[in-house]
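Student: Have a look at this one before I ask anything.
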Amino acid sequence: MKKLALHWKIIIGMILGIIFGFIMNGVDGGKGLVTDWVSPFGTIFINLLKLIAVPLILASLVKGISDLKDISKIKSMGFRTIGIYIGTTLVAIIIGLSIVNLIKPGDGMPQDTIEKIKVKYANDAGVADKLTKAAAQKDAGPLQALVDIFPSNIFKSFAEASMLQVIFFALFVGICLLLIGEKKAEPLVKFFDSLNEVVMKMVDLIMLFAPYAVFALLANVIIAFDDTEILLKLLYYALCVVGGLFLMIGFYLLLISIYAKKSPLWFLSRISPAQLLAFSTSSSAATLPVTMERVEEHLGVDKEVSGFVLPVGATVNMDGTSLYQGIAAVFIMQVIWPEGLGFANQLTIILTALLASIGSAAVPSAGMVMLVIVLESIDFPSELLPIGLALIFAVDRPLDMCRTVVNVTGDATVSMMVAKSLDKLHDPKPKEWDDHYDEVK
Ligand code: ASP
């Protein structure tokens, strides 16, 4: 019998998880049952993915760079990656702003709905938490983001999974391996090569568990929704965000077919397990090991490109998040601060949303923290901030899930473009979890 493709298994797991979540929502004690007995399996899965992210970045990048044989290639890869990332992010923000200005989802929201939302969420601990985190982020100096790339203790970077610091260290090791010559470098190169194979195999094994994990993750998301009335009131706004995100995916597919000369369907079918996990986990960082595996083994991007472009992308390239920030900021203004809706403010939003998406952590809900900073950049009245966040809080989780899909798809697209431009795109050779299993069992 033909095996069911992984993405179908994951989709079935997701649908069953959603149905189960709704059933448990209606049953006495159902929510507690999901929290205590189902949701921990989702957490275990995310923990396993996070566990292998750092060794994977390290092994894949060190191995990739030491294979390059030519340091100047690193420079051109770096410039291209950052250049394309900035380009796609700008497109995303412009799409977002165009949609929200055209459709105006915030115009005419009834005062009693605003009041209801205010009462329910303005003093919510979640909203307060976003405001506190944003304040902490804002207090840092202008060059702090640059300083943060250079670690003083690499074990601390490993422990905290500071992506950019790990990337810096891996690049440093890779370049020095090139400089000491092939013979002296050989033992370490072999070590990292083998480590890379082991971690990639771990991804295969962890993914066997994915259909069950997404069941747990989605059931957990569903039991968190309790006010469908407010959700429906925000539907118009949510549809604007989702519509924009679809347009962004269309833009990536255009780039894939025009520049990388691959069919969009081919691309989607190969990257879809990563997209589905991005949706289920709301975290590009947790999805990263799977994205790397799909891009290297199923899309045919060489390690030195994927090992650099994808982890950098997970941290600095968040097109879905910036598109969302554009729409959310203008939506909030349309509802509670229409006098702020001038052209100059929207231009400021473009700039700060670009910087904010670079500064956002690749974890659930990070986009909302950075939204506070975007709003503060246009002098949004601070007393209205909690109300502004309260307005979009109810639908943040589902939108977070959708924008994370776009963040991950964007990283995969750019890695294909950079690979193509450096002649590092090859015929993919997928490895199954059970390669060699017959020999060892
Ligand atoms: N959850 C998103 C990510 O991990 C970030 C955000 O938009 O909140 O990519």
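Please note that chains go A, B, ... in the order of the structure tokens, that every chain numbers its residues from 1, and that ligands are numbered from 1 in the order shown.
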Using only C-alpha atoms and all ligand atoms, which protein or nucleic acid residues are at most 6 Å from ligand 1, as a PyMOL selection string?

Tutor: chain A and resi 282-284+321+362-367+400+403-404+407

Student: Find the residues near Lys261 of chain A: any atom within 12 Å, counting only C-alpha atoms, skip ones fewer than 3 places away on the same chain, and give them as a PyMOL selection string.

Tutor: chain A and resi 253-258+264-267+413+416-417+420-421+425

Student: Near segment 232-244 of chain A, within 8 Å and counting only C-alpha atoms, which residues show up once chain neighbours fewer than 4 positions away are dropped, as a PyMOL selection string?

Tutor: chain A and resi 95-96+99-100+103+105-106+113+228+248+323-324+327+331+392+395+399+402

Student: Filtering to N, CA, C and O atoms, could you give me those residues as a JSON list (two decimals), in the first residue's frame?

Tutor:
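Output (selection_12.json):
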[["chain", "number", "residue", "atom", "x", "y", "z"],
["A", 95, "ILE", "N", 1.86, 45.57, 1.19],
["A", 95, "ILE", "CA", 0.61, 44.83, 0.94],
["A", 95, "ILE", "C", -0.34, 45.06, 2.12],
["A", 95, "ILE", "O", -1.52, 45.37, 1.95],
["A", 96, "GLY", "N", 0.19, 44.91, 3.34],
["A", 96, "GLY", "CA", -0.65, 45.07, 4.53],
["A", 96, "GLY", "C", -1.29, 46.44, 4.59],
["A", 96, "GLY", "O", -2.51, 46.58, 4.76],
["A", 99, "ILE", "N", -4.03, 46.99, 1.91],
["A", 99, "ILE", "CA", -5.30, 46.33, 2.22],
["A", 99, "ILE", "C", -6.08, 47.08, 3.30],
["A", 99, "ILE", "O", -7.26, 47.37, 3.15],
["A", 100, "VAL", "N", -5.39, 47.42, 4.38],
["A", 100, "VAL", "CA", -6.12, 48.00, 5.51],
["A", 100, "VAL", "C", -6.64, 49.40, 5.16],
["A", 100, "VAL", "O", -7.72, 49.80, 5.61],
["A", 103, "ILE", "N", -9.71, 48.60, 2.57],
["A", 103, "ILE", "CA", -10.92, 47.95, 3.11],
["A", 103, "ILE", "C", -11.42, 48.63, 4.38],
["A", 103, "ILE", "O", -12.60, 48.57, 4.70],
["A", 105, "PRO", "N", -11.17, 48.05, 7.79],
["A", 105, "PRO", "CA", -11.95, 47.17, 8.67],
["A", 105, "PRO", "C", -12.33, 47.81, 10.00],
["A", 105, "PRO", "O", -13.26, 47.36, 10.66],
["A", 106, "GLY", "N", -11.62, 48.88, 10.39],
["A", 106, "GLY", "CA", -11.89, 49.46, 11.70],
["A", 106, "GLY", "C", -12.95, 50.55, 11.67],
["A", 106, "GLY", "O", -13.43, 50.99, 12.72],
["A", 113, "THR", "N", -19.35, 47.56, 21.12],
["A", 113, "THR", "CA", -18.37, 46.47, 20.92],
["A", 113, "THR", "C", -17.02, 46.88, 21.51],
["A", 113, "THR", "O", -16.35, 46.10, 22.20],
["A", 228, "THR", "N", -16.85, 33.66, 21.32],
["A", 228, "THR", "CA", -17.02, 33.67, 19.86],
["A", 228, "THR", "C", -17.68, 34.96, 19.39],
["A", 228, "THR", "O", -17.46, 35.38, 18.27],
["A", 248, "MET", "N", 0.78, 37.36, 0.08],
["A", 248, "MET", "CA", 2.23, 37.23, 0.29],
["A", 248, "MET", "C", 2.71, 35.85, -0.17],
["A", 248, "MET", "O", 3.76, 35.74, -0.81],
["A", 323, "LEU", "N", 3.60, 42.28, 7.93],
["A", 323, "LEU", "CA", 2.33, 42.56, 7.25],
["A", 323, "LEU", "C", 1.23, 42.77, 8.31],
["A", 323, "LEU", "O", 0.44, 43.71, 8.25],
["A", 324, "TYR", "N", 1.26, 41.87, 9.30],
["A", 324, "TYR", "CA", 0.26, 41.95, 10.38],
["A", 324, "TYR", "C", 0.41, 43.25, 11.17],
["A", 324, "TYR", "O", -0.58, 43.90, 11.52],
["A", 327, "ILE", "N", -1.21, 46.12, 9.29],
["A", 327, "ILE", "CA", -2.68, 46.09, 9.33],
["A", 327, "ILE", "C", -3.18, 46.38, 10.75],
["A", 327, "ILE", "O", -4.09, 47.19, 10.94],
["A", 331, "PHE", "N", -5.52, 49.45, 11.81],
["A", 331, "PHE", "CA", -6.86, 49.06, 12.28],
["A", 331, "PHE", "C", -7.14, 49.72, 13.65],
["A", 331, "PHE", "O", -8.20, 50.31, 13.87],
["A", 392, "ILE", "N", -7.25, 43.80, 19.53],
["A", 392, "ILE", "CA", -6.83, 42.74, 18.61],
["A", 392, "ILE", "C", -6.44, 41.47, 19.36],
["A", 392, "ILE", "O", -6.11, 40.45, 18.75],
["A", 395, "VAL", "N", -8.15, 37.82, 18.72],
["A", 395, "VAL", "CA", -7.86, 37.03, 17.52],
["A", 395, "VAL", "C", -6.35, 36.88, 17.30],
["A", 395, "VAL", "O", -5.92, 36.41, 16.26],
["A", 399, "LEU", "N", -4.27, 34.45, 14.29],
["A", 399, "LEU", "CA", -3.51, 35.22, 13.31],
["A", 399, "LEU", "C", -2.01, 34.95, 13.45],
["A", 399, "LEU", "O", -1.27, 34.95, 12.46],
["A", 402, "CYS", "N", -1.25, 31.92, 11.52],
["A", 402, "CYS", "CA", -1.19, 32.15, 10.07],
["A", 402, "CYS", "C", 0.07, 32.93, 9.68],
["A", 402, "CYS", "O", 0.73, 32.63, 8.69]]

Student: Check the smallest atom-to-atom distance from each of A:Val316, A:Asp423, A:Lys201, A:Lys31 to Tyr437 of chain A using only C-alpha atoms, then report the winner.

Tutor: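 Answer, going by the shortest atom-to-atom distance: A:Lys201.
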
Student: Between A:Ala260, A:Gly108, A:Ile44, A:Ile18, which one has atoms that come closest to Leu422 of chain A, using only C-alpha atoms?

Tutor: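 Closest candidate: A:Ala260.
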
Student: Atom CA of Met200 of chain A to atom CA of Glu293 of chain A: how many Å, to one decimal?

Tutor: 6.6 Å

Student: Determine, counting only C-alpha atoms, which protein, DNA and RNA residues have an atom within 10 Å of an atom of Asp427 of chain A; residues of the same chain fewer than 2 positions away are not included. Present the result as a list in words.

Tutor: Glu297, His298, Leu299, Gly300, Val301, Leu425, Lys429 and Pro430 of chain A

Student: Please identify the alpha helix (DSSP H) residues within segment 80-326 of chain A (assignment by DSSP from backbone atoms) and present them as a PyMOL selection string.

Tutor: chain A and resi 80-103+111-121+125-138+144-147+154-160+163-179+182-208+210-224+228-233+235-258+264-281+284-293+303-316+319-326
